[in-house]
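J.: So I've got this file, data_5.tsv, and it contains TSV, C-alpha atoms and all ligand atoms:
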```
chain	number	residue	atom	x	y	z
A	1034	MET	CA	-14.49	-6.38	10.62
A	1035	LYS	CA	-17.99	-4.90	10.48
A	1036	HIS	CA	-19.51	-3.74	7.17
A	1037	LEU	CA	-18.38	-0.26	6.10
A	1038	ASP	CA	-19.47	1.82	3.12
A	1039	TYR	CA	-16.43	2.69	0.99
A	1040	TYR	CA	-16.15	5.79	-1.20
A	1041	ARG	CA	-13.45	6.50	-3.77
A	1042	PRO	CA	-13.85	10.21	-4.67
A	1043	GLN	CA	-12.02	11.51	-7.74
A	1044	SER	CA	-11.32	15.02	-6.43
A	1045	LEU	CA	-10.75	16.90	-3.20
A	1046	ASP	CA	-14.08	18.71	-3.61
A	1047	GLU	CA	-15.90	15.39	-3.99
A	1048	ALA	CA	-14.18	14.06	-0.84
A	1049	LEU	CA	-15.22	17.15	1.14
A	1050	ALA	CA	-18.81	16.90	-0.16
A	1051	LEU	CA	-19.00	13.23	0.88
A	1052	LYS	CA	-17.73	14.11	4.34
A	1053	GLY	CA	-20.38	16.86	4.49
A	1054	GLU	CA	-23.09	14.29	3.68
A	1055	ARG	CA	-21.94	11.51	6.03
A	1056	GLY	CA	-20.59	13.73	8.84
A	1057	ALA	CA	-19.21	12.03	11.94
A	1058	GLU	CA	-20.03	8.53	10.69
A	1059	ALA	CA	-17.38	8.78	7.93
A	1060	LEU	CA	-13.60	8.54	8.37
A	1061	PHE	CA	-10.94	9.50	5.82
A	1062	ILE	CA	-8.49	6.80	4.82
A	1063	ALA	CA	-5.22	7.23	2.91
A	1064	GLY	CA	-2.79	4.27	2.92
A	1065	GLY	CA	-4.88	2.52	5.56
A	1066	THR	CA	-1.90	1.22	7.57
A	1067	ASP	CA	-3.24	2.77	10.78
A	1068	VAL	CA	-6.96	2.61	9.95
A	1069	MET	CA	-6.92	-1.10	9.06
A	1070	VAL	CA	-5.11	-1.96	12.30
A	1071	LEU	CA	-7.87	-0.14	14.21
A	1072	GLY	CA	-10.44	-2.12	12.21
A	1073	ARG	CA	-8.83	-5.42	13.14
A	1074	GLN	CA	-8.74	-4.34	16.78
A	1075	LYS	CA	-12.48	-3.51	16.55
A	1076	LYS	CA	-11.71	0.11	17.48
A	1077	LEU	CA	-13.00	1.67	14.27
A	1078	ASP	CA	-15.91	3.85	15.28
A	1079	CYS	CA	-17.42	4.75	11.87
A	1080	ALA	CA	-19.89	3.49	9.25
A	1081	ALA	CA	-18.06	4.67	6.12
A	1082	LEU	CA	-14.55	5.21	4.80
A	1083	ILE	CA	-13.73	7.99	2.34
A	1084	SER	CA	-10.53	7.19	0.46
A	1085	LEU	CA	-8.12	10.03	-0.24
A	1086	ARG	CA	-5.81	7.74	-2.20
A	1087	GLY	CA	-4.42	9.15	-5.43
A	1088	LEU	CA	-6.18	12.54	-5.18
A	1089	ALA	CA	-4.07	14.81	-7.40
A	1090	GLU	CA	-4.21	17.72	-4.94
A	1091	LEU	CA	-2.68	15.57	-2.19
A	1092	THR	CA	0.06	13.74	-4.07
A	1093	GLN	CA	2.30	16.60	-5.13
A	1094	MET	CA	5.84	16.92	-3.84
A	1095	LYS	CA	7.61	19.96	-5.22
A	1096	LEU	CA	10.12	22.68	-4.50
A	1097	GLU	CA	8.57	26.12	-5.01
A	1098	GLY	CA	11.08	28.88	-4.35
A	1099	ASP	CA	12.12	28.54	-0.72
A	1100	THR	CA	9.30	26.15	0.19
A	1101	PHE	CA	9.14	22.38	-0.19
A	1102	PHE	CA	5.50	21.36	-0.55
A	1103	LEU	CA	4.84	17.84	0.64
A	1104	GLY	CA	1.33	16.63	-0.21
A	1105	ALA	CA	-0.38	14.71	2.59
A	1106	GLY	CA	-0.94	11.78	0.23
A	1107	VAL	CA	2.75	11.38	-0.66
A	1108	THR	CA	3.86	7.90	0.34
A	1109	LEU	CA	6.88	7.28	2.54
A	1110	SER	CA	8.52	5.44	-0.40
A	1111	ARG	CA	8.25	8.51	-2.60
A	1112	ILE	CA	10.00	10.60	0.06
A	1113	LEU	CA	12.65	7.90	0.46
A	1114	ASN	CA	13.27	7.80	-3.31
A	1115	SER	CA	13.27	11.58	-3.78
A	1116	PRO	CA	16.77	13.03	-4.39
A	1117	GLU	CA	15.36	16.48	-3.55
A	1118	ALA	CA	14.06	15.30	-0.17
A	1119	ALA	CA	17.39	13.59	0.56
A	1120	ARG	CA	19.31	16.74	-0.35
A	1121	HIS	CA	17.16	19.44	1.25
A	1122	LEU	CA	15.47	17.57	4.13
A	1123	PRO	CA	17.93	14.90	5.34
A	1124	ILE	CA	16.28	14.86	8.79
A	1125	LEU	CA	12.97	13.69	7.25
A	1126	HIS	CA	14.74	11.35	4.86
A	1127	ASP	CA	16.47	9.68	7.85
A	1128	ALA	CA	13.06	9.08	9.42
A	1129	VAL	CA	11.32	7.44	6.46
A	1130	GLN	CA	14.27	5.09	5.98
A	1131	VAL	CA	13.50	3.39	9.29
A	1132	MET	CA	9.72	3.31	9.08
A	1133	GLY	CA	8.01	-0.04	8.62
A	1134	SER	CA	8.79	-2.27	5.65
A	1135	THR	CA	9.01	-1.61	1.90
A	1136	GLN	CA	5.44	-2.86	1.41
A	1137	MET	CA	4.14	-0.61	4.17
A	1138	ARG	CA	6.12	2.43	2.95
A	1139	ASN	CA	4.65	1.94	-0.53
A	1140	VAL	CA	1.15	2.75	0.77
A	1141	ALA	CA	1.58	4.65	4.06
A	1142	THR	CA	1.45	8.42	3.68
A	1143	VAL	CA	3.06	11.30	5.52
A	1144	GLY	CA	-0.39	12.84	6.03
A	1145	GLY	CA	-1.59	9.65	7.72
A	1146	ASN	CA	1.39	9.76	10.07
A	1147	VAL	CA	0.64	13.37	11.01
A	1148	MET	CA	-3.11	12.83	11.45
A	1149	THR	CA	-2.64	9.66	13.55
A	1150	ALA	CA	-0.56	11.92	15.82
A	1151	ALA	CA	1.04	9.08	17.78
A	1152	SER	CA	3.80	10.17	20.10
A	1153	SER	CA	6.00	7.61	18.31
A	1154	GLY	CA	5.18	8.93	14.80
A	1155	ASP	CA	8.58	9.08	13.15
A	1156	THR	CA	7.98	11.96	10.70
A	1157	LEU	CA	6.61	14.23	13.42
A	1158	GLY	CA	9.88	15.24	15.13
A	1159	PRO	CA	11.54	16.07	11.80
A	1160	LEU	CA	8.50	18.11	10.72
A	1161	LEU	CA	8.51	19.95	14.08
A	1162	CYS	CA	12.22	20.76	13.67
A	1163	LEU	CA	11.69	21.90	10.08
A	1164	GLU	CA	8.88	24.21	11.27
A	1165	ALA	CA	6.47	22.76	8.74
A	1166	VAL	CA	3.03	24.32	8.40
A	1167	CYS	CA	-0.03	22.07	7.97
A	1168	ARG	CA	-2.50	23.14	5.27
A	1169	LEU	CA	-5.99	22.06	6.28
A	1170	VAL	CA	-8.92	22.32	3.86
A	1171	SER	CA	-12.65	22.06	4.44
A	1172	ALA	CA	-15.80	23.24	2.67
A	1173	GLN	CA	-15.17	26.58	4.42
A	1174	GLY	CA	-11.74	27.04	2.81
A	1175	GLU	CA	-8.11	26.56	3.82
A	1176	ARG	CA	-6.30	27.39	7.06
A	1177	ARG	CA	-2.72	26.93	8.15
A	1178	VAL	CA	-1.58	25.42	11.45
A	1179	PRO	CA	2.11	25.37	12.43
A	1180	MET	CA	3.36	21.92	13.36
A	1181	HIS	CA	4.07	22.95	16.97
A	1182	GLU	CA	0.34	23.75	17.42
A	1183	MET	CA	-0.87	20.60	15.71
A	1184	PHE	CA	-0.64	17.99	18.50
A	1185	THR	CA	-3.15	18.84	21.21
A	1186	GLY	CA	-3.26	15.48	23.03
A	1187	PRO	CA	-2.46	11.77	22.64
A	1188	ARG	CA	-3.50	10.97	19.05
A	1189	VAL	CA	-5.45	14.23	18.85
A	1190	THR	CA	-4.70	17.04	16.40
A	1191	ALA	CA	-5.86	20.62	15.99
A	1192	ALA	CA	-7.68	19.59	12.78
A	1193	ARG	CA	-11.48	19.51	12.82
A	1194	ALA	CA	-13.23	16.31	11.77
A	1195	ASP	CA	-14.43	17.94	8.52
A	1196	GLU	CA	-10.90	18.99	7.52
A	1197	ILE	CA	-8.54	17.23	5.16
A	1198	LEU	CA	-4.82	17.71	5.50
A	1199	LEU	CA	-3.84	18.94	2.06
A	1200	GLY	CA	-0.12	18.90	2.77
A	1201	LEU	CA	2.79	20.55	4.50
A	1202	ASP	CA	4.67	23.69	3.56
A	1203	ILE	CA	8.25	23.21	4.68
A	1204	PRO	CA	10.50	26.28	4.59
A	1205	LEU	CA	13.84	25.22	3.10
A	1206	PRO	CA	16.34	25.25	5.99
A	1207	THR	CA	19.15	26.33	3.66
A	1208	SER	CA	17.27	29.21	2.01
A	1209	GLY	CA	19.21	32.47	1.82
A	1210	ASP	CA	22.47	30.47	1.76
A	1211	ARG	CA	22.12	29.61	5.45
A	1212	LYS	CA	24.22	26.70	6.65
A	1213	SER	CA	21.84	24.13	8.05
A	1214	SER	CA	21.41	20.42	8.41
A	1215	GLY	CA	19.60	17.95	10.60
A	1216	CYS	CA	19.53	14.38	11.76
A	1217	PHE	CA	16.93	11.92	13.08
A	1218	ILE	CA	17.77	8.93	15.27
A	1219	LYS	CA	15.33	6.19	16.26
A	1220	LEU	CA	15.91	3.65	18.95
A	1221	MET	CA	14.14	0.33	18.37
A	1222	ARG	CA	14.23	-3.04	20.06
A	1223	ARG	CA	15.06	-4.65	16.74
A	1224	ALA	CA	16.74	-3.20	13.65
A	1225	ALA	CA	13.62	-2.85	11.48
A	1226	LEU	CA	9.83	-3.01	11.44
A	1227	ASP	CA	9.44	-1.68	14.95
A	1228	LEU	CA	7.93	1.38	16.56
A	1229	ALA	CA	10.30	3.74	18.34
A	1230	LEU	CA	11.27	3.21	21.97
A	1231	ILE	CA	12.27	6.83	21.58
A	1232	ASN	CA	13.16	9.04	18.63
A	1233	VAL	CA	15.16	12.26	18.55
A	1234	SER	CA	15.40	14.93	15.85
A	1235	VAL	CA	17.81	17.86	15.67
A	1236	GLN	CA	18.06	20.60	13.04
A	1237	LEU	CA	20.85	23.18	13.38
A	1238	TRP	CA	21.52	26.49	11.65
A	1239	LEU	CA	25.01	28.06	11.91
A	1240	ASP	CA	25.92	31.73	12.06
A	1241	GLU	CA	27.52	33.30	8.98
A	1242	ALA	CA	31.06	32.56	10.17
A	1243	GLY	CA	30.11	28.92	10.76
A	1244	GLU	CA	31.48	29.08	14.31
A	1245	THR	CA	28.42	29.00	16.53
A	1246	ILE	CA	24.93	27.57	16.40
A	1247	ALA	CA	22.59	30.42	15.47
A	1248	LYS	CA	19.37	28.42	15.79
A	1249	ALA	CA	18.49	24.92	16.95
A	1250	ARG	CA	15.33	22.87	16.81
A	1251	VAL	CA	15.21	19.70	18.89
A	1252	ALA	CA	12.26	17.31	19.15
A	1253	ALA	CA	11.61	13.88	20.61
A	1254	GLY	CA	8.96	11.19	20.43
A	1255	VAL	CA	7.73	8.76	23.11
A	1256	VAL	CA	8.95	11.03	25.90
A	1257	ALA	CA	5.54	12.68	26.45
A	1258	PRO	CA	1.89	12.10	25.44
A	1259	THR	CA	2.56	13.91	22.14
A	1260	PRO	CA	5.70	14.49	20.08
A	1261	VAL	CA	7.39	17.50	21.70
A	1262	ARG	CA	10.05	20.10	21.13
A	1263	LEU	CA	12.82	20.09	23.74
A	1264	VAL	CA	12.96	23.84	24.16
A	1265	GLU	CA	15.62	23.84	26.90
A	1266	SER	CA	17.97	21.87	24.63
A	1267	GLU	CA	17.33	24.33	21.83
A	1268	GLU	CA	18.13	27.28	24.11
A	1269	ALA	CA	21.29	25.59	25.38
A	1270	LEU	CA	22.54	24.93	21.86
A	1271	GLU	CA	21.77	28.37	20.44
A	1272	GLY	CA	24.77	30.69	20.62
A	1273	ALA	CA	27.06	27.93	21.77
A	1274	PRO	CA	30.45	27.25	20.18
A	1275	LEU	CA	30.15	23.98	18.31
A	1276	ALA	CA	32.16	21.46	20.32
A	1277	GLU	CA	31.07	22.76	23.72
A	1278	ALA	CA	27.45	22.72	22.68
A	1279	LEU	CA	27.59	19.04	21.98
A	1280	LYS	CA	29.58	17.87	24.93
A	1281	GLU	CA	27.78	19.77	27.67
A	1282	GLN	CA	24.72	21.81	26.93
A	1283	ALA	CA	22.82	19.46	24.65
A	1284	ALA	CA	22.92	16.53	27.02
A	1285	ASP	CA	22.45	18.42	30.28
A	1286	HIS	CA	19.43	20.34	29.08
A	1287	ALA	CA	17.76	17.51	27.17
A	1288	LEU	CA	15.51	16.63	30.09
A	1289	GLY	CA	13.49	19.82	30.24
A	1290	ARG	CA	9.88	20.58	31.10
A	1291	SER	CA	8.38	18.90	28.05
A	1292	CYS	CA	10.32	15.65	28.42
A	1293	ARG	CA	8.24	13.44	30.73
A	1294	PRO	CA	8.78	9.82	29.70
A	1295	ARG	CA	6.65	7.11	31.26
A	1296	ASP	CA	7.25	3.46	31.97
A	1297	SER	CA	5.66	1.21	29.38
A	1298	ASP	CA	5.74	-2.51	28.67
A	1299	ARG	CA	8.30	-1.74	25.97
A	1300	CYS	CA	10.81	0.14	28.15
A	1301	SER	CA	11.24	2.10	31.37
A	1302	SER	CA	11.07	5.87	31.84
A	1303	TRP	CA	14.60	5.74	33.32
A	1304	TYR	CA	15.98	4.22	30.12
A	1305	ARG	CA	14.14	6.74	27.94
A	1306	GLU	CA	15.57	9.64	30.00
A	1307	GLU	CA	19.09	8.25	29.73
A	1308	MET	CA	18.69	7.79	26.00
A	1309	VAL	CA	17.43	11.35	25.42
A	1310	ARG	CA	20.64	12.57	27.05
A	1311	VAL	CA	22.69	10.37	24.73
A	1312	LEU	CA	20.78	10.86	21.49
A	1313	VAL	CA	20.35	14.66	21.48
A	1314	PRO	CA	24.12	15.36	21.33
A	1315	ARG	CA	24.60	12.43	18.96
A	1316	ALA	CA	22.00	13.74	16.51
A	1317	ALA	CA	23.42	17.29	16.84
A	1318	GLY	CA	26.91	15.93	16.11
A	1319	ARG	CA	25.71	14.14	13.00
A	1320	ALA	CA	23.90	17.28	11.82
A	1321	LEU	CA	27.21	19.17	12.14
A	1322	ASN	CA	29.05	16.37	10.33
A	1323	ARG	CA	26.61	16.79	7.46
A	1324	MET	CA	27.69	20.43	7.21
A	1325	GLY	CA	31.29	19.26	6.90
A	1326	ILE	CA	32.17	20.07	10.52
A	1327	ASP	CA	34.20	17.62	12.51
A	1328	ALA	CA	32.17	17.51	15.70
A	1329	GLY	CA	34.50	15.09	17.45
A	1330	GLN	CA	33.46	11.79	18.92
A	1331	VAL	CA	29.71	12.04	19.31
A	1332	GLY	CA	28.76	8.45	18.60
A	1401	LIG	C1	3.52	-2.90	10.01
A	1401	LIG	C2	3.45	-1.45	10.37
A	1401	LIG	C3	4.62	-0.78	10.64
A	1401	LIG	C4	4.59	0.58	10.99
A	1401	LIG	N1	5.77	1.21	11.27
A	1401	LIG	C5	5.75	2.53	11.61
A	1401	LIG	C6	6.97	3.19	11.92
A	1401	LIG	O1	8.08	2.64	11.87
A	1401	LIG	N2	6.90	4.52	12.28
A	1401	LIG	C7	5.70	5.19	12.35
A	1401	LIG	O2	5.69	6.39	12.66
A	1401	LIG	N3	4.53	4.57	12.04
A	1401	LIG	C8	4.53	3.27	11.68
A	1401	LIG	N4	3.33	2.62	11.41
A	1401	LIG	C9	2.08	3.38	11.49
A	1401	LIG	C10	1.57	3.90	10.11
A	1401	LIG	O3	2.03	3.11	9.06
A	1401	LIG	C11	1.95	5.34	9.83
A	1401	LIG	O4	1.40	6.18	10.84
A	1401	LIG	C12	1.50	5.83	8.44
A	1401	LIG	O5	2.23	6.96	8.05
A	1401	LIG	C13	0.00	6.09	8.37
A	1401	LIG	O6	-0.31	6.53	7.04
A	1401	LIG	P1	-1.57	5.97	6.25
A	1401	LIG	O7	-1.60	6.70	4.96
A	1401	LIG	O8	-1.53	4.48	6.16
A	1401	LIG	O9	-2.74	6.44	7.22
A	1401	LIG	P2	-4.24	5.88	7.34
A	1401	LIG	O10	-4.23	4.62	8.11
A	1401	LIG	O11	-4.92	5.87	6.02
A	1401	LIG	O12	-4.88	7.07	8.20
A	1401	LIG	C14	-4.44	7.34	9.51
A	1401	LIG	C15	-5.29	8.43	10.13
A	1401	LIG	O13	-5.09	9.67	9.46
A	1401	LIG	C16	-6.31	10.16	8.88
A	1401	LIG	N5	-5.90	10.74	7.61
A	1401	LIG	C17	-5.07	10.18	6.69
A	1401	LIG	N6	-4.80	11.07	5.71
A	1401	LIG	C18	-5.51	12.17	6.01
A	1401	LIG	C19	-5.63	13.45	5.38
A	1401	LIG	N7	-4.96	13.78	4.26
A	1401	LIG	N8	-6.43	14.38	5.95
A	1401	LIG	C20	-7.12	14.08	7.10
A	1401	LIG	N9	-7.03	12.92	7.74
A	1401	LIG	C21	-6.23	11.97	7.20
A	1401	LIG	C22	-7.25	8.97	8.83
A	1401	LIG	O14	-8.60	9.37	8.93
A	1401	LIG	C23	-6.79	8.17	10.04
A	1401	LIG	O15	-7.39	8.72	11.19
A	1401	LIG	C24	3.35	1.26	11.05
A	1401	LIG	C25	2.16	0.57	10.77
A	1401	LIG	C26	2.20	-0.76	10.44
A	1401	LIG	C27	0.92	-1.48	10.16
```
What does this structure look like when you write it as structure tokens?
Ligand SMILES: Cc1cc2nc3c(=O)[nH]c(=O)nc-3n(C[C@H](O)[C@H](O)[C@H](O)COP(=O)(O)OP(=O)(O)OC[C@H]3O[C@@H](n4cnc5c(N)ncnc54)[C@H](O)[C@@H]3O)c2cc1C
T.:
Amino acid sequence: MKHLDYYRPQSLDEALALKGERGAEALFIAGGTDVMVLGRQKKLDCAALISLRGLAELTQMKLEGDTFFLGAGVTLSRILNSPEAARHLPILHDAVQVMGSTQMRNVATVGGNVMTAASSGDTLGPLLCLEAVCRLVSAQGERRVPMHEMFTGPRVTAARADEILLGLDIPLPTSGDRKSSGCFIKLMRRAALDLALINVSVQLWLDEAGETIAKARVAAGVVAPTPVRLVESEEALEGAPLAEALKEQAADHALGRSCRPRDSDRCSSWYREEMVRVLVPRAAGRALNRMGIDAGQVG
């Protein structure tokens, strides 16, 4: 790897000031699990790294009223070991369980996963379904970008180069006593330490009687250049009686406008399309199971 200057600021303000001084030649680094791979591949186009590791402002994870704040610098292991995350955000908890290895999860951060913005990023579908809001800070102040506006192209986000992702505000799906749960499923070629061939996330909210799906959020990764919401699946699920929704609508509408899988050396577009049709109803069924509803045989 070429020589790089390395800065270890002690506060968010210091990190922003350093970025102001070095401009485009400096790159932020958190856990480094994506940045170091780029370095080894000689694709790191910068002269300096500014570490965000351990900055107090970025490492908080707390429930504040109806909002779960997840700091960008929270590691995947902390999410995995958080009883609050497991209880309130099972869809995200599912995802971190199948990301990388223990060693990698101990350093990799959720903010790094969002800012890398890979179509295969495993936390991205869950965060889309949870309608998380990204909090971006710069020397000019803070602005908020909803997750569904964050991914503007392959590995490109709506964040400016001078902005740091502070964290994510996640509205609690069960606030106001709403019945809600979600599920994430990742298909890999081997059982661990692999990127997704495809991943699917589903979060469901029931009506007050618990008989129909009042609201659905469905997202998938590696079916388009960015992680995407499958809006047609959402529309098909919303208002549907539970069993019918799973058996017919969810599968038939999974392949909507936003789902455009491509052939890759890892698997074919045909296989990805077939798997979206299988995994959307399966994830929806498991989300219902988590609300104590017997959704029948959904795999
Ligand atoms: C062995 C291995 C296995 C992996 N397995 C998976 C997997 O199963 N699923 C998956 O989705 N990914 C996987 N990855 C990819 C990677 O680990 C994740 O994307 C991880 O979450 C990145 O986090 P990080 O903190 O290491 O990011 P870094 O490498 O530090 O940073 C990544 C990018 O985000 C930017 N960035 C980081 N934090 C901020 C911030 N707060 N504000 C602004 N910009 C920021 C950096 O500038 C950089 O561009 C794997 C990687 C490896 C090496």
J.: Take the point (1.6, 10.8, 10.1) in the file's coordinates, draw a sphere of radius 12 Å around it, and report as a JSON list (two decimals) with C-alpha atoms, in the coordinates of the input every protein, DNA or RNA residue with an atom inside or on it, counting all atoms listed in the file.
T.:
```json
[["chain", "number", "residue", "atom", "x", "y", "z"],
["A", 1063, "ALA", "CA", -5.22, 7.23, 2.91],
["A", 1064, "GLY", "CA", -2.79, 4.27, 2.92],
["A", 1065, "GLY", "CA", -4.88, 2.52, 5.56],
["A", 1066, "THR", "CA", -1.90, 1.22, 7.57],
["A", 1067, "ASP", "CA", -3.24, 2.77, 10.78],
["A", 1068, "VAL", "CA", -6.96, 2.61, 9.95],
["A", 1104, "GLY", "CA", 1.33, 16.63, -0.21],
["A", 1105, "ALA", "CA", -0.38, 14.71, 2.59],
["A", 1106, "GLY", "CA", -0.94, 11.78, 0.23],
["A", 1107, "VAL", "CA", 2.75, 11.38, -0.66],
["A", 1108, "THR", "CA", 3.86, 7.90, 0.34],
["A", 1109, "LEU", "CA", 6.88, 7.28, 2.54],
["A", 1128, "ALA", "CA", 13.06, 9.08, 9.42],
["A", 1129, "VAL", "CA", 11.32, 7.44, 6.46],
["A", 1132, "MET", "CA", 9.72, 3.31, 9.08],
["A", 1138, "ARG", "CA", 6.12, 2.43, 2.95],
["A", 1141, "ALA", "CA", 1.58, 4.65, 4.06],
["A", 1142, "THR", "CA", 1.45, 8.42, 3.68],
["A", 1143, "VAL", "CA", 3.06, 11.30, 5.52],
["A", 1144, "GLY", "CA", -0.39, 12.84, 6.03],
["A", 1145, "GLY", "CA", -1.59, 9.65, 7.72],
["A", 1146, "ASN", "CA", 1.39, 9.76, 10.07],
["A", 1147, "VAL", "CA", 0.64, 13.37, 11.01],
["A", 1148, "MET", "CA", -3.11, 12.83, 11.45],
["A", 1149, "THR", "CA", -2.64, 9.66, 13.55],
["A", 1150, "ALA", "CA", -0.56, 11.92, 15.82],
["A", 1151, "ALA", "CA", 1.04, 9.08, 17.78],
["A", 1152, "SER", "CA", 3.80, 10.17, 20.10],
["A", 1153, "SER", "CA", 6.00, 7.61, 18.31],
["A", 1154, "GLY", "CA", 5.18, 8.93, 14.80],
["A", 1155, "ASP", "CA", 8.58, 9.08, 13.15],
["A", 1156, "THR", "CA", 7.98, 11.96, 10.70],
["A", 1157, "LEU", "CA", 6.61, 14.23, 13.42],
["A", 1158, "GLY", "CA", 9.88, 15.24, 15.13],
["A", 1159, "PRO", "CA", 11.54, 16.07, 11.80],
["A", 1160, "LEU", "CA", 8.50, 18.11, 10.72],
["A", 1167, "CYS", "CA", -0.03, 22.07, 7.97],
["A", 1180, "MET", "CA", 3.36, 21.92, 13.36],
["A", 1183, "MET", "CA", -0.87, 20.60, 15.71],
["A", 1184, "PHE", "CA", -0.64, 17.99, 18.50],
["A", 1188, "ARG", "CA", -3.50, 10.97, 19.05],
["A", 1189, "VAL", "CA", -5.45, 14.23, 18.85],
["A", 1190, "THR", "CA", -4.70, 17.04, 16.40],
["A", 1198, "LEU", "CA", -4.82, 17.71, 5.50],
["A", 1200, "GLY", "CA", -0.12, 18.90, 2.77],
["A", 1201, "LEU", "CA", 2.79, 20.55, 4.50],
["A", 1260, "PRO", "CA", 5.70, 14.49, 20.08]]
```
J.: Please, which residues in segment 1294-1332 of chain A fall within 10 Å of segment 1243-1251 of chain A when counting only C-alpha atoms, and what is the closest atom pair and distance in Å to one decimal for each, ordered by chain then residue number, as a Markdown table?
T.:
```
| residue | atom | partner | partner_atom | distance |
| --- | --- | --- | --- | --- |
| A:Val1313 | CA | A:Val1251 | CA | 7.7 |
| A:Ala1316 | CA | A:Val1251 | CA | 9.3 |
| A:Ala1317 | CA | A:Val1251 | CA | 8.8 |
| A:Leu1321 | CA | A:Ile1246 | CA | 9.7 |
| A:Met1324 | CA | A:Gly1243 | CA | 9.5 |
| A:Ile1326 | CA | A:Gly1243 | CA | 9.1 |
```
J.: I'd like to know which of A:Cys1216, A:Ala1269, A:Ile1203, A:Leu1060 is closest to ligand LIG 1401 (chain A), using only C-alpha atoms and all ligand atoms.
T.: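 Of the candidates, the smallest distance to ligand LIG 1401 (chain A) is held by A:Leu1060.
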J.: So, with all atoms listed in the file as the atoms that count, which of A:Ser1214, A:Ser1291, A:Thr1100, A:Gln1136 lies closest to ligand LIG 1401 (chain A)?
T.: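 The closest residue to ligand LIG 1401 (chain A) is A:Gln1136.
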J.: Residues near Leu1163 of chain A, anyone? I mean within 9 Å using only C-alpha atoms, not counting same-chain ones fewer than 6 positions away, as a list of chain:residue names.
T.: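 My reading of the contact set: A:Leu1122, A:Ile1124, A:Leu1125, A:Met1180, A:Ile1203, A:Pro1204, A:Leu1205, A:Pro1206, A:Gly1215, A:Gln1236, A:Arg1250.
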J.: Name all residues at most 10 Å from Asp1078 of chain A (count only C-alpha atoms; drop same-chain ones fewer than 6 positions away) and give them as JSON, numbers by chain.
T.: {"A": [1057, 1058, 1059, 1060, 1071, 1072]}
J.: Find the distance between atom CA of Asp1227 of chain A and atom C24 of ligand LIG 1401 (chain A) and write it in Å to one decimal.
T.: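 One can read the atom CA of Asp1227 of chain A to atom C24 of ligand LIG 1401 (chain A) distance as 7.8 Å.
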J.: Just the number, please: distance in Å from atom C24 of ligand LIG 1401 (chain A) to atom CA of Met1069 of chain A, one decimal.
T.: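 Going from atom C24 of ligand LIG 1401 (chain A) over to atom CA of Met1069 of chain A, I get 10.7 Å.
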J.: Would you compute the distance between atom CA of Ala1165 of chain A and atom CA of Glu1182 of chain A? Give it in Å to one decimal.
T.: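 Distance reported for this atom pair: 10.7 Å.
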J.: Could you tell me which of A:Asp1195, A:Glu1241, A:Asp1296, A:Asp1202 comes closest to ligand LIG 1401 (chain A) if we count all atoms listed in the file?
T.: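 Closest residue, counting all atoms listed in the file: A:Asp1195.
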J.: Which is closer to Lys1052 of chain A than all the others in A:Arg1193, A:His1181, A:Arg1305, A:Arg1323, using all atoms listed in the file?
T.: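 Of A:Arg1193, A:His1181, A:Arg1305, A:Arg1323, the one nearest Lys1052 of chain A is A:Arg1193, counting all atoms listed in the file.
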J.: Provide segment 1058-1068 of chain A of the preceding structure as a file containing N, CA and C atoms, as a tab-separated table (two decimals), in the first residue's frame.
T.:
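Result file selection-v7.tsv:
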```
chain	number	residue	atom	x	y	z
A	1058	GLU	N	-8.43	15.10	-0.57
A	1058	GLU	CA	-7.35	14.11	-0.46
A	1058	GLU	C	-7.45	13.26	0.82
A	1059	ALA	N	-8.46	13.56	1.67
A	1059	ALA	CA	-8.61	12.76	2.90
A	1059	ALA	C	-9.89	11.94	2.86
A	1060	LEU	N	-9.82	10.72	3.39
A	1060	LEU	CA	-10.98	9.82	3.44
A	1060	LEU	C	-11.23	9.44	4.90
A	1061	PHE	N	-12.49	9.40	5.30
A	1061	PHE	CA	-12.82	8.92	6.65
A	1061	PHE	C	-12.65	7.40	6.69
A	1062	ILE	N	-12.27	6.92	7.84
A	1062	ILE	CA	-12.19	5.47	8.05
A	1062	ILE	C	-12.79	5.15	9.42
A	1063	ALA	N	-13.60	4.08	9.48
A	1063	ALA	CA	-14.19	3.67	10.77
A	1063	ALA	C	-13.53	2.35	11.16
A	1064	GLY	N	-14.19	1.22	10.88
A	1064	GLY	CA	-13.58	-0.08	11.18
A	1064	GLY	C	-12.50	-0.46	10.18
A	1065	GLY	N	-12.57	0.10	9.00
A	1065	GLY	CA	-11.56	-0.15	7.97
A	1065	GLY	C	-11.75	-1.43	7.17
A	1066	THR	N	-12.85	-2.15	7.39
A	1066	THR	CA	-12.98	-3.46	6.71
A	1066	THR	C	-13.28	-3.31	5.21
A	1067	ASP	N	-13.84	-2.19	4.82
A	1067	ASP	CA	-13.98	-1.91	3.38
A	1067	ASP	C	-12.78	-1.10	2.88
A	1068	VAL	N	-12.36	-0.10	3.66
A	1068	VAL	CA	-11.27	0.78	3.21
A	1068	VAL	C	-9.98	-0.02	3.02
```
